[in-house]
>>> print(open('final39.cif').read())   # mmCIF, C-alpha atoms
data_data
#
loop_
_atom_site.label_atom_id
_atom_site.label_comp_id
_atom_site.auth_asym_id
_atom_site.auth_seq_id
_atom_site.Cartn_x
_atom_site.Cartn_y
_atom_site.Cartn_z
CA MET A 1 0.00 0.00 0.00
CA PRO A 2 1.79 3.13 -1.17
CA GLN A 3 -0.01 5.67 1.03
CA THR A 4 0.60 6.49 4.68
CA THR A 5 -1.37 4.89 7.48
CA SER A 6 -2.92 8.27 8.26
CA SER A 7 -4.15 8.81 4.70
CA ALA A 8 -5.38 5.22 4.47
CA LEU A 9 -7.32 5.63 7.72
CA GLY A 10 -8.76 8.86 6.37
CA GLN A 11 -9.95 7.05 3.26
CA ILE A 12 -11.45 4.21 5.32
CA HIS A 13 -13.10 6.78 7.61
CA ALA A 14 -14.63 8.57 4.61
CA LEU A 15 -15.84 5.30 3.06
CA LEU A 16 -17.62 4.18 6.24
CA ALA A 17 -19.06 7.64 6.92
CA SER A 18 -20.46 7.70 3.37
CA LYS A 19 -22.30 4.46 4.18
CA LYS A 20 -24.01 6.06 7.20
CA PHE A 21 -21.70 4.78 9.94
CA SER A 22 -20.59 7.11 12.71
CA VAL A 23 -16.79 7.08 12.61
CA SER A 24 -14.26 8.68 14.92
CA GLU A 25 -10.51 8.38 15.26
CA THR A 26 -9.36 7.25 18.69
CA GLY A 27 -5.62 7.60 18.03
CA ASN A 28 -2.94 4.95 17.53
CA ASP A 29 -4.25 4.17 14.03
CA VAL A 30 -7.65 3.04 15.39
CA LEU A 31 -11.14 4.00 14.25
CA ARG A 32 -14.29 3.64 16.34
CA ILE A 33 -17.21 2.71 14.08
CA GLN A 34 -20.84 2.71 15.14
CA GLU A 35 -23.69 1.27 13.14
CA LEU A 36 -26.40 3.84 13.75
CA ASP A 37 -29.51 1.65 13.55
CA SER A 38 -28.34 -0.97 16.06
CA GLY A 39 -25.93 1.17 18.06
CA ILE A 40 -23.30 -1.58 17.81
CA SER A 41 -19.78 -0.18 18.01
CA LEU A 42 -16.63 -1.78 16.70
CA GLN A 43 -13.02 -0.83 16.31
CA ALA A 44 -10.82 -0.93 13.25
CA ALA A 45 -7.05 -0.93 13.60
CA LEU A 46 -4.74 -0.56 10.64
CA GLU A 47 -1.41 -2.34 10.89
CA GLY A 48 0.53 -2.13 7.65
CA ASP A 49 -1.85 -3.26 4.95
CA ILE A 50 -4.10 -5.31 7.26
CA LEU A 51 -7.30 -3.82 8.66
CA PHE A 52 -8.28 -5.61 11.89
CA LEU A 53 -11.88 -5.26 13.04
CA SER A 54 -13.14 -6.09 16.52
CA VAL A 55 -16.34 -5.78 18.53
CA VAL A 56 -16.74 -6.45 22.25
CA CYS A 57 -19.66 -8.83 22.70
CA THR A 58 -19.65 -8.65 26.49
CA GLU A 59 -17.55 -8.57 29.61
CA ALA A 60 -17.87 -11.18 32.34
CA PRO A 61 -15.92 -12.17 35.43
CA GLU A 62 -13.14 -14.55 34.40
CA ASP A 63 -14.39 -17.38 36.59
CA ARG A 64 -17.79 -17.21 34.91
CA ILE A 65 -16.51 -18.07 31.42
CA THR A 66 -17.35 -21.74 31.57
CA ALA A 67 -16.13 -24.64 29.47
CA LYS A 68 -19.66 -24.86 28.00
CA VAL A 69 -19.47 -21.27 26.76
CA MET A 70 -15.96 -21.75 25.35
CA ARG A 71 -17.07 -24.92 23.52
CA LYS A 72 -19.88 -22.96 21.91
CA MET A 73 -17.49 -20.20 20.86
CA LEU A 74 -14.97 -22.65 19.38
CA ALA A 75 -17.38 -25.11 17.74
CA ALA A 76 -16.88 -25.37 13.99
CA ASP A 77 -20.65 -25.54 13.51
CA ASN A 78 -21.56 -22.56 15.71
CA GLY A 79 -22.81 -20.56 12.71
CA ILE A 80 -20.12 -17.88 12.96
CA SER A 81 -17.94 -18.49 9.94
CA THR A 82 -16.66 -15.03 9.00
CA SER A 83 -15.35 -13.94 12.41
CA TYR A 84 -13.55 -15.49 15.35
CA PHE A 85 -13.80 -15.11 19.12
CA GLN A 86 -11.01 -13.88 21.37
CA MET A 87 -10.95 -13.14 25.08
CA TYR A 88 -8.96 -10.31 26.66
CA SER A 89 -8.26 -9.94 30.38
CA ARG A 90 -9.32 -6.60 31.83
CA PRO A 91 -7.55 -4.95 34.77
CA ASN A 92 -10.70 -5.33 36.90
CA GLY A 93 -10.55 -9.14 36.69
CA ALA A 94 -13.21 -9.37 34.00
CA VAL A 95 -12.76 -10.87 30.55
CA ALA A 96 -13.87 -9.08 27.39
CA VAL A 97 -15.28 -11.52 24.83
CA THR A 98 -14.73 -10.14 21.34
CA LEU A 99 -15.49 -11.10 17.78
CA ASN A 100 -12.82 -10.24 15.23
CA ASN A 101 -12.06 -10.39 11.53
CA PHE A 102 -9.67 -8.71 9.13
CA CYS A 103 -8.99 -7.88 5.52
CA LYS A 104 -5.81 -7.30 3.55
CA LEU A 105 -5.82 -4.01 1.70
CA GLN A 106 -4.21 -3.57 -1.71
CA GLU A 107 -4.46 -0.11 -3.26
CA LEU A 108 -7.56 1.12 -1.41
CA GLY A 109 -9.55 1.03 -4.60
CA PRO A 110 -13.10 -0.22 -5.23
CA ASP A 111 -12.17 -3.85 -4.47
CA ASP A 112 -10.80 -2.84 -1.08
CA ASP A 113 -13.88 -0.72 -0.41
CA ASP A 114 -16.03 -3.82 -0.99
CA ASP A 115 -13.78 -5.90 1.28
CA ILE A 116 -13.90 -3.33 4.09
CA LEU A 117 -17.67 -2.96 3.89
CA SER A 118 -18.10 -6.74 3.74
CA CYS A 119 -15.90 -7.29 6.80
CA VAL A 120 -17.84 -4.68 8.78
CA SER A 121 -21.17 -6.17 7.68
CA PHE A 122 -20.06 -9.73 8.50
CA LEU A 123 -18.87 -8.64 11.95
CA LEU A 124 -22.16 -6.88 12.67
CA ALA A 125 -24.14 -9.94 11.59
CA ASP A 126 -21.88 -12.25 13.59
CA VAL A 127 -22.25 -10.23 16.80
CA VAL A 128 -26.04 -10.59 16.54
CA HIS A 129 -25.59 -14.33 16.02
CA ALA A 130 -23.10 -14.50 18.93
CA LYS A 131 -25.69 -12.93 21.21
CA ALA A 132 -28.09 -15.72 20.32
CA LEU A 133 -25.33 -18.33 20.67
CA ILE A 134 -23.82 -17.37 24.04
CA GLY A 135 -25.77 -14.36 25.25
CA ASP A 136 -28.01 -16.26 27.64
CA ASP A 137 -25.05 -18.20 29.06
CA LEU A 138 -23.03 -15.04 29.69
CA HIS A 139 -26.05 -13.09 30.91
CA LEU A 140 -26.76 -15.84 33.43
CA ALA A 141 -23.07 -15.95 34.36
CA GLN A 142 -23.10 -12.22 35.14
CA LYS A 143 -26.16 -12.62 37.40
CA ARG A 144 -24.56 -15.29 39.64
#
>>> encode(input="final39.cif", output="structure tokens")
Amino acid sequence: MPQTTSSALGQIHALLASKKFSVSETGNDVLRIQELDSGISLQAALEGDILFLSVVCTEAPEDRITAKVMRKMLAADNGISTSYFQMYSRPNGAVAVTLNNFCKLQELGPDDDDDILSCVSFLLADVVHAKALIGDDLHLAQKR
């Protein structure tokens, strides 16, 4: 990718804003993207020519993430085929459960625009599916 990270982020920002997303720059080559109808927010981080996208599904106390929940997240037939789960420890002892995907950018032309919009759309669809898949389990875990 011949352009700078800053100019590439600017182009990605403009693309998403033109498609009715609320977009803000949070620094460190990261964009905060919000889908206005659902209110779902995700982050996009540009590292070289790879755009990483992530959405926090929920936070739960670490001891409440059960083997049953992890099996559901890792199952090949869980219905989430375009994104993958990751868990991040928080300083407060909780775990953030995220869904993530990425795309490799070429020249930031029309093909890349389609890839970026597809990745964002897939992630938004997958987070809705993830809520159905593990939402009750994690909601119950938070109530204990």
>>> closest_atom_pairs(input="final39.cif", of="range 78-114 of chain A", to="range 26-45 of chain A", cutoff="10 Å", atoms="all atoms listed in the file", output="tab-separated table")
residue	atom	partner	partner_atom	distance
A:Thr98	CA	A:Leu42	CA	9.7
A:Leu99	CA	A:Leu42	CA	9.5
A:Asn100	CA	A:Leu42	CA	9.4
A:Asn101	CA	A:Ala44	CA	9.7
A:Phe102	CA	A:Ala44	CA	8.9
>>> resolve_selection(input="final39.cif", expression="the PyMOL selection byres ((chain A and resi 63-70) around 9)", output="compact mmCIF listing (two decimals) with C-alpha atoms, keeping the file's coordinate frame")
# COMPACT_ATOMS: atom_id res chain seq x y z
CA ALA A 60 -17.87 -11.18 32.34
CA PRO A 61 -15.92 -12.17 35.43
CA GLU A 62 -13.14 -14.55 34.40
CA ARG A 71 -17.07 -24.92 23.52
CA LYS A 72 -19.88 -22.96 21.91
CA MET A 73 -17.49 -20.20 20.86
CA LEU A 74 -14.97 -22.65 19.38
CA ALA A 75 -17.38 -25.11 17.74
CA ALA A 94 -13.21 -9.37 34.00
CA VAL A 95 -12.76 -10.87 30.55
CA LEU A 133 -25.33 -18.33 20.67
CA ILE A 134 -23.82 -17.37 24.04
CA ASP A 137 -25.05 -18.20 29.06
CA LEU A 138 -23.03 -15.04 29.69
CA ALA A 141 -23.07 -15.95 34.36
CA GLN A 142 -23.10 -12.22 35.14
CA ARG A 144 -24.56 -15.29 39.64
>>> resolve_selection(input="final39.cif", expression="the PyMOL selection byres ((chain A and resi 84) around 12)", output="CSV table (one decimal) with C-alpha atoms, in the frame of the given file")
chain,number,residue,atom,x,y,z
A,52,PHE,CA,-8.3,-5.6,11.9
A,53,LEU,CA,-11.9,-5.3,13.0
A,54,SER,CA,-13.1,-6.1,16.5
A,55,VAL,CA,-16.3,-5.8,18.5
A,56,VAL,CA,-16.7,-6.4,22.2
A,57,CYS,CA,-19.7,-8.8,22.7
A,72,LYS,CA,-19.9,-23.0,21.9
A,73,MET,CA,-17.5,-20.2,20.9
A,74,LEU,CA,-15.0,-22.6,19.4
A,75,ALA,CA,-17.4,-25.1,17.7
A,76,ALA,CA,-16.9,-25.4,14.0
A,78,ASN,CA,-21.6,-22.6,15.7
A,79,GLY,CA,-22.8,-20.6,12.7
A,80,ILE,CA,-20.1,-17.9,13.0
A,81,SER,CA,-17.9,-18.5,9.9
A,82,THR,CA,-16.7,-15.0,9.0
A,83,SER,CA,-15.4,-13.9,12.4
A,85,PHE,CA,-13.8,-15.1,19.1
A,86,GLN,CA,-11.0,-13.9,21.4
A,87,MET,CA,-11.0,-13.1,25.1
A,97,VAL,CA,-15.3,-11.5,24.8
A,98,THR,CA,-14.7,-10.1,21.3
A,99,LEU,CA,-15.5,-11.1,17.8
A,100,ASN,CA,-12.8,-10.2,15.2
A,101,ASN,CA,-12.1,-10.4,11.5
A,102,PHE,CA,-9.7,-8.7,9.1
A,122,PHE,CA,-20.1,-9.7,8.5
A,123,LEU,CA,-18.9,-8.6,12.0
A,126,ASP,CA,-21.9,-12.2,13.6
A,127,VAL,CA,-22.2,-10.2,16.8
A,130,ALA,CA,-23.1,-14.5,18.9
>>> atom_distance(input="final39.cif", atom1="CA of Leu51 in chain A", atom2="CA of Lys20 in chain A")
19.5 Å
>>> atom_distance(input="final39.cif", atom1="CA of Leu105 in chain A", atom2="CA of Glu47 in chain A")
10.3 Å
